[in-house]
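Data block for final.cif (mmCIF, C-alpha atoms):
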```cif
data_upload
loop_
_atom_site.label_atom_id
_atom_site.label_comp_id
_atom_site.auth_asym_id
_atom_site.auth_seq_id
_atom_site.Cartn_x
_atom_site.Cartn_y
_atom_site.Cartn_z
CA MET A 1 23.26 -10.45 6.78
CA LYS A 2 23.03 -8.32 3.62
CA THR A 3 25.42 -5.43 3.18
CA CYS A 4 24.56 -1.92 2.04
CA LEU A 5 26.92 0.90 1.10
CA VAL A 6 25.37 4.33 1.66
CA VAL A 7 26.96 6.91 -0.64
CA ASP A 8 25.99 10.48 0.20
CA ASP A 9 27.92 13.65 0.95
CA SER A 10 25.42 14.56 3.67
CA LYS A 11 26.39 13.14 7.03
CA VAL A 12 22.80 13.54 8.22
CA ILE A 13 21.38 11.54 5.32
CA ARG A 14 23.98 8.80 5.88
CA LYS A 15 23.03 8.68 9.55
CA VAL A 16 19.28 8.47 8.83
CA ALA A 17 19.78 5.84 6.13
CA ARG A 18 22.09 3.82 8.38
CA HIS A 19 19.51 3.84 11.15
CA ILE A 20 16.71 2.63 8.85
CA LEU A 21 18.89 0.01 7.15
CA GLU A 22 20.12 -1.38 10.47
CA THR A 23 16.51 -1.86 11.59
CA LEU A 24 16.07 -3.83 8.34
CA ASP A 25 19.01 -6.08 9.32
CA PHE A 26 21.61 -4.67 6.94
CA ALA A 27 25.29 -4.29 7.75
CA VAL A 28 25.96 -0.71 6.69
CA SER A 29 29.08 1.02 5.35
CA GLU A 30 29.35 4.65 4.33
CA ALA A 31 31.10 6.71 1.68
CA ALA A 32 30.98 10.49 1.22
CA ASP A 33 31.37 10.47 -2.58
CA GLY A 34 31.61 8.21 -5.62
CA SER A 35 35.37 7.90 -5.47
CA GLU A 36 35.34 6.68 -1.87
CA ALA A 37 32.52 4.33 -2.81
CA LEU A 38 34.51 2.84 -5.70
CA ASP A 39 37.47 2.22 -3.38
CA HIS A 40 35.11 0.47 -0.98
CA CYS A 41 33.62 -1.69 -3.74
CA GLY A 42 37.15 -2.62 -4.89
CA ARG A 43 37.80 -4.04 -1.44
CA SER A 44 34.37 -5.49 -0.78
CA MET A 45 31.38 -5.52 -3.11
CA PRO A 46 28.15 -4.77 -1.18
CA ASP A 47 24.76 -6.34 -1.92
CA VAL A 48 23.13 -2.92 -2.30
CA VAL A 49 24.35 0.60 -2.93
CA LEU A 50 22.15 3.50 -1.83
CA LEU A 51 23.42 6.29 -4.04
CA ASP A 52 23.07 10.08 -4.05
CA TRP A 53 23.20 11.93 -7.39
CA ASN A 54 25.11 15.15 -6.69
CA MET A 55 28.33 14.75 -4.73
CA PRO A 56 31.77 16.41 -4.83
CA VAL A 57 34.78 14.58 -6.38
CA MET A 58 32.63 11.93 -8.13
CA GLY A 59 28.85 12.08 -8.55
CA GLY A 60 26.38 9.22 -8.51
CA MET A 61 26.06 8.70 -12.27
CA GLU A 62 29.82 8.64 -12.79
CA PHE A 63 30.18 6.17 -9.94
CA LEU A 64 27.43 3.94 -11.35
CA CYS A 65 29.01 3.77 -14.81
CA ALA A 66 32.42 2.99 -13.28
CA LEU A 67 30.96 0.39 -10.91
CA ARG A 68 29.23 -1.52 -13.68
CA LYS A 69 32.61 -1.86 -15.49
CA GLU A 70 34.35 -3.30 -12.43
CA GLU A 71 34.75 -7.04 -12.03
CA GLY A 72 31.68 -8.14 -10.07
CA GLY A 73 30.29 -4.64 -10.39
CA ASP A 74 27.15 -5.91 -12.07
CA ARG A 75 26.15 -7.74 -8.89
CA PRO A 76 25.18 -4.97 -6.42
CA LYS A 77 21.68 -3.59 -6.67
CA VAL A 78 21.94 0.17 -7.04
CA VAL A 79 19.17 2.31 -5.61
CA PHE A 80 19.47 6.01 -6.35
CA CYS A 81 18.38 8.18 -3.42
CA THR A 82 18.33 11.79 -4.46
CA THR A 83 16.53 15.13 -4.66
CA GLU A 84 16.74 14.95 -8.47
CA ASN A 85 13.09 14.08 -8.89
CA GLY A 86 12.36 14.74 -12.54
CA ARG A 87 11.24 11.98 -14.89
CA GLY A 88 14.27 12.65 -17.13
CA HIS A 89 16.73 12.05 -14.29
CA ILE A 90 14.93 8.87 -13.27
CA GLN A 91 14.96 7.49 -16.80
CA ALA A 92 18.64 8.36 -17.23
CA ALA A 93 19.53 6.55 -14.00
CA ILE A 94 17.68 3.40 -15.01
CA GLU A 95 19.27 3.44 -18.48
CA ALA A 96 22.70 3.79 -16.83
CA GLY A 97 22.10 0.61 -14.83
CA ALA A 98 20.36 1.65 -11.63
CA ASP A 99 17.84 -0.85 -10.28
CA GLU A 100 15.57 1.44 -8.31
CA TYR A 101 15.05 5.08 -7.47
CA VAL A 102 14.08 6.82 -4.24
CA MET A 103 13.15 10.49 -4.27
CA LYS A 104 14.09 12.40 -1.11
CA PRO A 105 12.56 12.84 1.37
CA PHE A 106 11.95 9.19 2.14
CA ASP A 107 10.87 7.12 5.12
CA ARG A 108 11.40 3.58 6.33
CA GLU A 109 8.41 2.17 4.45
CA THR A 110 9.59 3.65 1.17
CA LEU A 111 13.12 2.35 1.56
CA HIS A 112 11.94 -1.05 2.74
CA SER A 113 9.58 -1.45 -0.21
CA LYS A 114 12.27 -0.47 -2.70
CA LEU A 115 14.69 -2.96 -1.16
CA GLN A 116 11.99 -5.63 -1.40
CA ILE A 117 11.45 -4.76 -5.07
CA VAL A 118 15.15 -5.34 -5.84
CA GLY A 119 15.02 -8.59 -3.86
CA CYS A 120 17.24 -7.53 -0.97
CA ALA A 121 14.76 -7.34 1.91
CA MET B 122 0.96 16.46 26.59
CA ILE B 123 -0.88 15.24 29.67
CA HIS B 124 -4.64 15.15 29.18
CA SER B 125 -7.01 15.90 32.01
CA GLN B 126 -9.73 13.39 32.81
CA PRO B 127 -12.45 15.27 30.83
CA ALA B 128 -10.27 15.14 27.67
CA ALA B 129 -9.74 11.41 28.24
CA ASP B 130 -13.53 11.05 28.44
CA ALA B 131 -13.85 13.01 25.20
CA THR B 132 -11.42 10.72 23.35
CA ARG B 133 -13.40 7.70 24.56
CA ILE B 134 -16.64 9.25 23.28
CA LEU B 135 -15.06 10.09 19.92
CA ALA B 136 -13.60 6.58 19.62
CA GLY B 137 -17.05 5.19 20.40
CA LEU B 138 -18.64 7.35 17.71
CA LEU B 139 -16.06 6.12 15.21
CA GLU B 140 -16.79 2.48 16.02
CA THR B 141 -20.56 2.95 15.94
CA ARG B 142 -20.53 4.69 12.57
CA THR B 143 -17.72 2.81 10.78
CA GLY B 144 -16.94 -0.33 12.75
CA GLN B 145 -13.33 0.79 13.09
CA GLN B 146 -11.89 0.55 16.59
CA ILE B 147 -9.05 2.55 18.05
CA ALA B 148 -7.19 0.78 20.85
CA PRO B 149 -6.94 2.87 24.04
CA SER B 150 -3.16 2.82 23.68
CA ARG B 151 -3.62 4.72 20.41
CA TYR B 152 -6.14 7.31 21.64
CA TRP B 153 -3.41 9.91 21.17
CA ARG B 154 -4.13 9.62 17.44
CA ILE B 155 -7.52 11.23 17.98
CA GLN B 156 -6.03 14.43 19.37
CA THR B 157 -3.43 14.50 16.58
CA ALA B 158 -5.94 13.80 13.82
CA LEU B 159 -8.48 16.35 15.00
CA ALA B 160 -6.09 19.19 15.93
CA PRO B 161 -6.40 20.93 12.49
CA LEU B 162 -10.21 20.67 12.62
CA LEU B 163 -10.30 22.18 16.11
CA LYS B 164 -8.14 25.08 14.99
CA GLN B 165 -10.11 25.64 11.79
CA ASN B 166 -13.42 25.76 13.63
CA GLY B 167 -12.21 27.76 16.63
CA ILE B 168 -13.03 24.92 19.03
CA PRO B 169 -10.67 25.02 22.02
CA ASP B 170 -10.37 21.32 22.85
CA LEU B 171 -11.87 17.85 22.48
CA ASP B 172 -14.31 18.39 25.37
CA ALA B 173 -15.78 21.39 23.56
CA LEU B 174 -15.85 19.41 20.32
CA VAL B 175 -17.86 16.60 21.89
CA ALA B 176 -20.33 19.20 23.19
CA VAL B 177 -20.66 20.70 19.68
CA LEU B 178 -21.14 17.26 18.12
CA SER B 179 -23.96 16.43 20.51
CA ASP B 180 -26.12 18.86 18.50
CA PRO B 181 -27.78 16.87 15.67
CA ASP B 182 -27.45 19.94 13.44
CA ASN B 183 -23.70 19.37 13.40
CA GLU B 184 -23.84 16.04 11.55
CA ARG B 185 -21.58 17.40 8.81
CA LEU B 186 -18.89 18.31 11.34
CA LEU B 187 -19.22 14.84 12.84
CA GLN B 188 -18.63 13.31 9.39
CA GLU B 189 -15.50 15.43 9.03
CA CYS B 190 -14.28 14.19 12.42
CA LEU B 191 -14.90 10.56 11.49
CA GLU B 192 -13.03 10.93 8.20
CA LEU B 193 -10.04 12.41 10.02
CA MET B 194 -10.01 9.63 12.62
CA LEU B 195 -10.15 6.78 10.10
CA ASN B 196 -6.86 5.05 9.44
CA ASN B 197 -6.43 5.52 5.70
CA GLU B 198 -2.82 4.43 5.34
CA SER B 199 -2.28 2.75 2.01
CA PHE B 200 0.50 2.15 -0.44
CA PHE B 201 1.10 0.43 -3.74
CA PHE B 202 1.67 -3.34 -3.76
CA ARG B 203 1.52 -3.49 0.02
CA ASP B 204 2.90 -6.93 0.99
CA ILE B 205 4.69 -7.49 -2.29
CA ALA B 206 4.80 -11.29 -1.87
CA LEU B 207 0.99 -11.48 -1.84
CA PHE B 208 0.75 -9.53 -5.07
CA ALA B 209 3.38 -11.83 -6.59
CA THR B 210 1.18 -14.80 -5.68
CA LEU B 211 -1.83 -13.05 -7.16
CA ARG B 212 0.01 -12.54 -10.44
CA SER B 213 1.78 -15.87 -10.73
CA GLU B 214 -0.88 -18.24 -9.40
CA ALA B 215 -4.30 -16.80 -8.65
CA LEU B 216 -4.85 -14.78 -11.82
CA PRO B 217 -3.63 -17.54 -14.18
CA GLN B 218 -5.99 -20.05 -12.51
CA LEU B 219 -8.93 -17.68 -12.73
CA ARG B 220 -8.05 -16.97 -16.37
CA GLU B 221 -8.47 -20.67 -17.07
CA ARG B 222 -11.71 -20.87 -15.09
CA ARG B 223 -13.25 -17.83 -16.73
CA ALA B 224 -11.98 -18.55 -20.24
CA ALA B 225 -15.50 -19.10 -21.58
CA ARG B 226 -17.02 -15.85 -20.39
CA LYS B 227 -13.80 -13.80 -20.55
CA SER B 228 -14.69 -11.46 -17.74
CA LEU B 229 -13.18 -10.84 -14.33
CA ARG B 230 -14.61 -8.78 -11.50
CA ILE B 231 -12.44 -7.65 -8.60
CA TRP B 232 -13.56 -5.77 -5.49
CA CYS B 233 -11.18 -3.82 -3.27
CA ALA B 234 -13.23 -3.38 -0.09
CA GLY B 235 -11.85 -0.56 2.05
CA CYS B 236 -9.71 0.69 -0.81
CA SER B 237 -8.64 3.94 0.90
CA THR B 238 -6.94 6.29 -1.57
CA GLY B 239 -6.87 3.78 -4.43
CA GLN B 240 -3.30 2.47 -4.44
CA GLU B 241 -4.43 -1.15 -4.02
CA ALA B 242 -7.01 -1.06 -6.82
CA TYR B 243 -4.52 0.56 -9.17
CA SER B 244 -1.88 -2.02 -8.15
CA VAL B 245 -4.20 -4.80 -9.31
CA ALA B 246 -4.91 -2.87 -12.53
CA MET B 247 -1.18 -2.53 -13.19
CA LEU B 248 -0.62 -6.24 -12.56
CA ILE B 249 -3.27 -7.16 -15.10
CA ASP B 250 -2.15 -4.59 -17.62
CA SER B 251 1.45 -5.77 -17.43
CA ASP B 252 0.18 -9.12 -18.78
CA ARG B 253 -2.32 -7.47 -21.14
CA ASP B 254 -1.57 -9.83 -24.04
CA LEU B 255 -2.99 -12.64 -21.90
CA TRP B 256 -6.14 -10.62 -21.16
CA GLU B 257 -6.81 -9.59 -24.76
CA GLY B 258 -10.58 -9.54 -25.35
CA TRP B 259 -11.46 -9.77 -21.64
CA THR B 260 -13.73 -7.47 -19.71
CA ILE B 261 -11.92 -6.52 -16.53
CA GLU B 262 -13.75 -4.61 -13.83
CA ILE B 263 -12.07 -3.43 -10.63
CA ILE B 264 -14.26 -1.72 -8.07
CA GLY B 265 -12.84 0.10 -5.06
CA THR B 266 -15.12 1.03 -2.18
CA ASP B 267 -14.53 2.93 1.03
CA ILE B 268 -16.64 4.56 3.70
CA SER B 269 -14.75 7.84 3.42
CA ALA B 270 -15.86 10.34 0.76
CA SER B 271 -12.55 12.18 0.82
CA VAL B 272 -10.41 9.10 0.13
CA ILE B 273 -12.76 8.03 -2.67
CA ALA B 274 -12.39 11.47 -4.26
CA LYS B 275 -8.60 11.14 -4.09
CA ALA B 276 -8.72 7.60 -5.48
CA ARG B 277 -10.82 8.78 -8.41
CA SER B 278 -8.35 11.56 -9.16
CA GLY B 279 -5.53 9.02 -9.54
CA ARG B 280 -3.15 11.75 -8.41
CA TYR B 281 -0.42 10.99 -5.89
CA THR B 282 2.28 13.05 -4.22
CA GLN B 283 5.92 12.25 -4.63
CA PHE B 284 5.92 10.72 -1.18
CA GLU B 285 2.93 8.49 -1.94
CA ILE B 286 3.97 7.42 -5.42
CA GLN B 287 7.15 5.69 -4.34
CA ARG B 288 5.71 3.78 -1.38
CA GLY B 289 5.68 0.24 -2.74
CA LEU B 290 5.72 1.15 -6.41
CA SER B 291 8.68 0.07 -8.54
CA VAL B 292 10.34 2.71 -10.67
CA ASP B 293 9.50 0.57 -13.70
CA TYR B 294 5.74 0.73 -13.01
CA MET B 295 5.98 4.38 -11.99
CA LEU B 296 7.48 5.36 -15.33
CA ARG B 297 5.17 3.06 -17.26
CA TYR B 298 1.85 3.99 -15.66
CA PHE B 299 2.23 7.52 -14.31
CA THR B 300 2.97 10.93 -15.78
CA GLN B 301 4.57 13.66 -13.75
CA ASP B 302 2.54 16.82 -13.21
CA GLY B 303 4.53 19.30 -11.13
CA GLU B 304 5.13 17.66 -7.77
CA ASP B 305 2.44 15.03 -8.38
CA TRP B 306 2.21 11.84 -10.40
CA VAL B 307 -1.00 10.98 -12.25
CA ILE B 308 -2.22 7.51 -13.22
CA ASP B 309 -2.57 6.50 -16.87
CA PRO B 310 -6.20 7.21 -17.96
CA ARG B 311 -6.22 3.77 -19.61
CA LEU B 312 -6.04 2.16 -16.14
CA GLN B 313 -8.71 4.50 -14.79
CA GLN B 314 -11.08 3.06 -17.37
CA ILE B 315 -11.04 -0.35 -15.69
CA VAL B 316 -11.08 0.91 -12.10
CA ARG B 317 -14.20 2.43 -10.55
CA PHE B 318 -14.52 3.89 -7.06
CA GLN B 319 -17.60 4.45 -4.93
CA GLU B 320 -18.51 5.26 -1.34
CA GLU B 321 -19.75 2.25 0.56
CA ASN B 322 -19.80 1.07 4.16
CA ILE B 323 -18.71 -2.55 4.32
CA LEU B 324 -21.17 -3.11 7.19
CA LYS B 325 -24.20 -1.85 5.26
CA PRO B 326 -26.13 -3.62 2.47
CA ARG B 327 -24.19 -3.68 -0.80
CA THR B 328 -24.96 -1.15 -3.49
CA GLU B 329 -23.00 -3.10 -6.12
CA LYS B 330 -24.89 -6.00 -7.67
CA GLY B 331 -23.39 -9.32 -8.73
CA GLN B 332 -20.50 -11.34 -7.38
CA PHE B 333 -16.75 -11.01 -7.64
CA ASP B 334 -13.97 -13.38 -8.64
CA ILE B 335 -11.46 -11.80 -6.27
CA ILE B 336 -12.07 -9.67 -3.22
CA LEU B 337 -9.29 -7.75 -1.53
CA CYS B 338 -10.18 -6.63 1.97
CA ARG B 339 -6.87 -5.76 3.45
CA ASN B 340 -6.04 -4.27 6.83
CA VAL B 341 -9.70 -3.41 7.33
CA LEU B 342 -11.18 -6.22 9.44
CA MET B 343 -8.29 -6.05 11.92
CA TYR B 344 -9.73 -2.78 13.23
CA PHE B 345 -13.18 -4.29 13.82
CA ALA B 346 -14.57 -5.85 17.00
CA PRO B 347 -15.27 -9.63 16.61
CA GLU B 348 -19.04 -9.20 16.19
CA THR B 349 -18.59 -6.43 13.61
CA ARG B 350 -16.01 -8.56 11.82
CA SER B 351 -18.57 -11.37 11.56
CA ILE B 352 -20.99 -9.05 9.79
CA ALA B 353 -18.27 -8.03 7.35
CA TYR B 354 -17.22 -11.64 6.67
CA ALA B 355 -20.84 -12.55 5.90
CA LYS B 356 -21.04 -9.73 3.39
CA LEU B 357 -17.76 -10.72 1.76
CA GLU B 358 -18.88 -14.34 1.54
CA GLN B 359 -22.11 -13.33 -0.12
CA ALA B 360 -20.27 -11.15 -2.63
CA LEU B 361 -17.65 -13.74 -3.61
CA GLN B 362 -18.10 -16.34 -6.34
CA ASP B 363 -18.06 -19.89 -4.93
CA ASP B 364 -14.67 -20.52 -6.52
CA GLY B 365 -13.42 -16.99 -5.93
CA LEU B 366 -10.56 -15.80 -3.75
CA LEU B 367 -10.34 -13.51 -0.76
CA MET B 368 -7.11 -11.64 -0.10
CA LEU B 369 -6.57 -10.20 3.39
CA GLY B 370 -3.66 -8.18 4.76
CA ALA B 371 -0.39 -10.00 5.40
CA ALA B 372 -0.96 -9.88 9.15
CA GLU B 373 -4.58 -11.06 8.92
CA THR B 374 -5.99 -14.57 8.84
CA VAL B 375 -9.40 -16.24 8.70
CA MET B 376 -8.33 -18.91 11.18
CA ASP B 377 -10.40 -18.67 14.36
CA GLN B 378 -12.04 -15.55 12.94
CA THR B 379 -14.82 -17.00 10.78
CA THR B 380 -16.22 -20.30 9.62
CA LEU B 381 -17.19 -18.83 6.25
CA PHE B 382 -13.69 -18.93 4.76
CA SER B 383 -10.74 -21.29 4.89
CA THR B 384 -7.10 -20.62 4.17
CA ALA B 385 -5.90 -21.65 0.74
CA ARG B 386 -2.95 -23.88 1.47
CA GLU B 387 -1.52 -23.66 -2.03
CA MET B 388 -1.58 -19.89 -2.13
CA ARG B 389 -0.22 -18.28 0.99
CA GLY B 390 -2.24 -15.27 2.05
CA LEU B 391 -5.29 -16.11 -0.03
CA HIS B 392 -8.56 -17.58 1.23
CA CYS B 393 -11.54 -19.33 -0.30
CA LYS B 394 -15.10 -20.04 0.75
CA ALA B 395 -15.39 -22.80 3.31
CA VAL B 396 -17.58 -25.20 1.36
CA PRO B 397 -18.73 -28.20 3.45
CA GLY B 398 -16.61 -31.23 2.61
CA ARG B 399 -13.75 -29.19 1.25
CA THR B 400 -10.58 -29.23 3.31
CA GLY B 401 -9.04 -26.06 1.98
CA ALA B 402 -6.23 -28.02 0.39
CA SER B 403 -7.24 -26.82 -3.03
CA VAL B 404 -7.55 -23.13 -3.54
CA LEU B 405 -9.93 -23.28 -6.44
CA PRO B 406 -12.65 -25.87 -6.06
CA PRO B 407 -14.23 -27.34 -9.17
CA PRO B 408 -16.71 -24.93 -10.69
CA LEU B 409 -20.29 -25.59 -9.83
CA ALA B 410 -22.16 -27.61 -12.42
#
```

Let me see the structure of the file written as structure tokens.
Amino acid sequence: MKTCLVVDDSKVIRKVARHILETLDFAVSEAADGSEALDHCGRSMPDVVLLDWNMPVMGGMEFLCALRKEEGGDRPKVVFCTTENGRGHIQAAIEAGADEYVMKPFDRETLHSKLQIVGCA
Amino acid sequence: MIHSQPAADATRILAGLLETRTGQQIAPSRYWRIQTALAPLLKQNGIPDLDALVAVLSDPDNERLLQECLELMLNNESFFFRDIALFATLRSEALPQLRERRAARKSLRIWCAGCSTGQEAYSVAMLIDSDRDLWEGWTIEIIGTDISASVIAKARSGRYTQFEIQRGLSVDYMLRYFTQDGEDWVIDPRLQQIVRFQEENILKPRTEKGQFDIILCRNVLMYFAPETRSIAYAKLEQALQDDGLLMLGAAETVMDQTTLFSTAREMRGLHCKAVPGRTGASVLPPPLA
């Protein structure tokens, strides 16, 4: 079973994402910000990270840059999942090492197809 | 909502009209879709319910309203690179083989039958363009057809909402082939030059002349009754080159559906003409002398 870490400060979004991911046979963990997510990755590196952009304490971009410097941090596929929907944001995320990008709102089909694109579903 | 018997009769009549005009069936378990799909039209036209709508549609002068109803009832769900594995096979195996076969004439014709809002036709265009060095000097023609005028208009516009653009499309292709215009994303005009859309009913005589090297007819035939499906298969067979390929939806198969096509064993999800004496073991038979 593949593992996915959902990083979002919204409890509702984490709940929705968890529900969809579990129907796609993922084991799901949650973190409310980038710092919590980094701690989690230090203990156990997930296969996929579903990552919000704007979060308190540590945002998505800062987390991504830190993750990619960690030992084994190049392995997880990182899929941004955010309301930052401008082309500039998307390009910046990809240049920083994200693998895919989901613009909120999203549904099961969207998430499933993005996970297929990164080879995790 | 609990429907009274008259409303249930109305949904049956509307479902029957849809099948008669388009071939598309709605299973009784999904009749609820009719009420949902037509609710905005009822409101817009001040028609109280489906019973009243059926009465209005019985007047031949209301043909235009009937067309609107049919368009709303059609299942037009579509997204980019639907069934990603099939498109991977198309890129890695089918297109390279056809490139070899058509090397002398350097032209390739592809038909997306039942193309809905255009995502599938544009997906094929993106696949080919991403290997454009290999197609240098080729004439590529992709034709998308659909019975619905409104979906053809949308397909021609090449404009997709944020929700639509990310269904199946990788961020790489999105950035490469689309520009952002407010909330929408618009296809690269270069791709629009090789893709053409037109209204056409798959059950009626073809308006497009000539044959195709690849036909995609995906998640269309599954909504047809067996006898209607046979008519469609005959038309597809007639339109396909003898060594061409038919691509159906991931959940569809030609097995036990038609004798005109056989499954291509070497390319999962693709089908070829059932030529007498050929077992289907080879996806691309030798070209005709």

> Once the PyMOL selection byres ((chain A) within 6 of (chain B)) has been applied to the shown file, what residues remain in the selection, as a list in words?
Replying inline: Glu100, Thr110 and Ser113 of chain A

> Which residues match the PyMOL selection byres ((chain B and resi 356-364) around 9) in the file above, as number ranges by chain?
Replying inline: B: 219, 234, 323-327, 330-336, 338, 351-355, 365-367, 381-382, 393-394, 396, 404-409

Write out as JSON an axis-aligned box for stretch 47-51 of chain A: all of its atoms listed in the file, 4 Å added on each side, centre and edge lengths in Å with one decimal.
```
{"center_x": 23.5, "center_y": 0.0, "center_z": -2.9, "size_x": 10.6, "size_y": 20.6, "size_z": 10.2}
```

> Which is closest to B:Phe299 among B:Met247, B:Ile264, B:Ala131, B:Leu195, if we use only C-alpha atoms?
Replying inline: B:Met247

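From atom CA of B:Glu373 back to atom CA of B:Glu198, the distance works out to 16.0 Å.
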
Could you tell me which residues the PyMOL selection byres ((chain A and resi 51) around 6) returns for this structure, as a JSON list (two decimals) with C-alpha atoms, in the coordinates of the input?
```
[["chain", "number", "residue", "atom", "x", "y", "z"],
["A", 7, "VAL", "CA", 26.96, 6.91, -0.64],
["A", 49, "VAL", "CA", 24.35, 0.60, -2.93],
["A", 50, "LEU", "CA", 22.15, 3.50, -1.83],
["A", 52, "ASP", "CA", 23.07, 10.08, -4.05],
["A", 80, "PHE", "CA", 19.47, 6.01, -6.35],
["A", 81, "CYS", "CA", 18.38, 8.18, -3.42]]
```
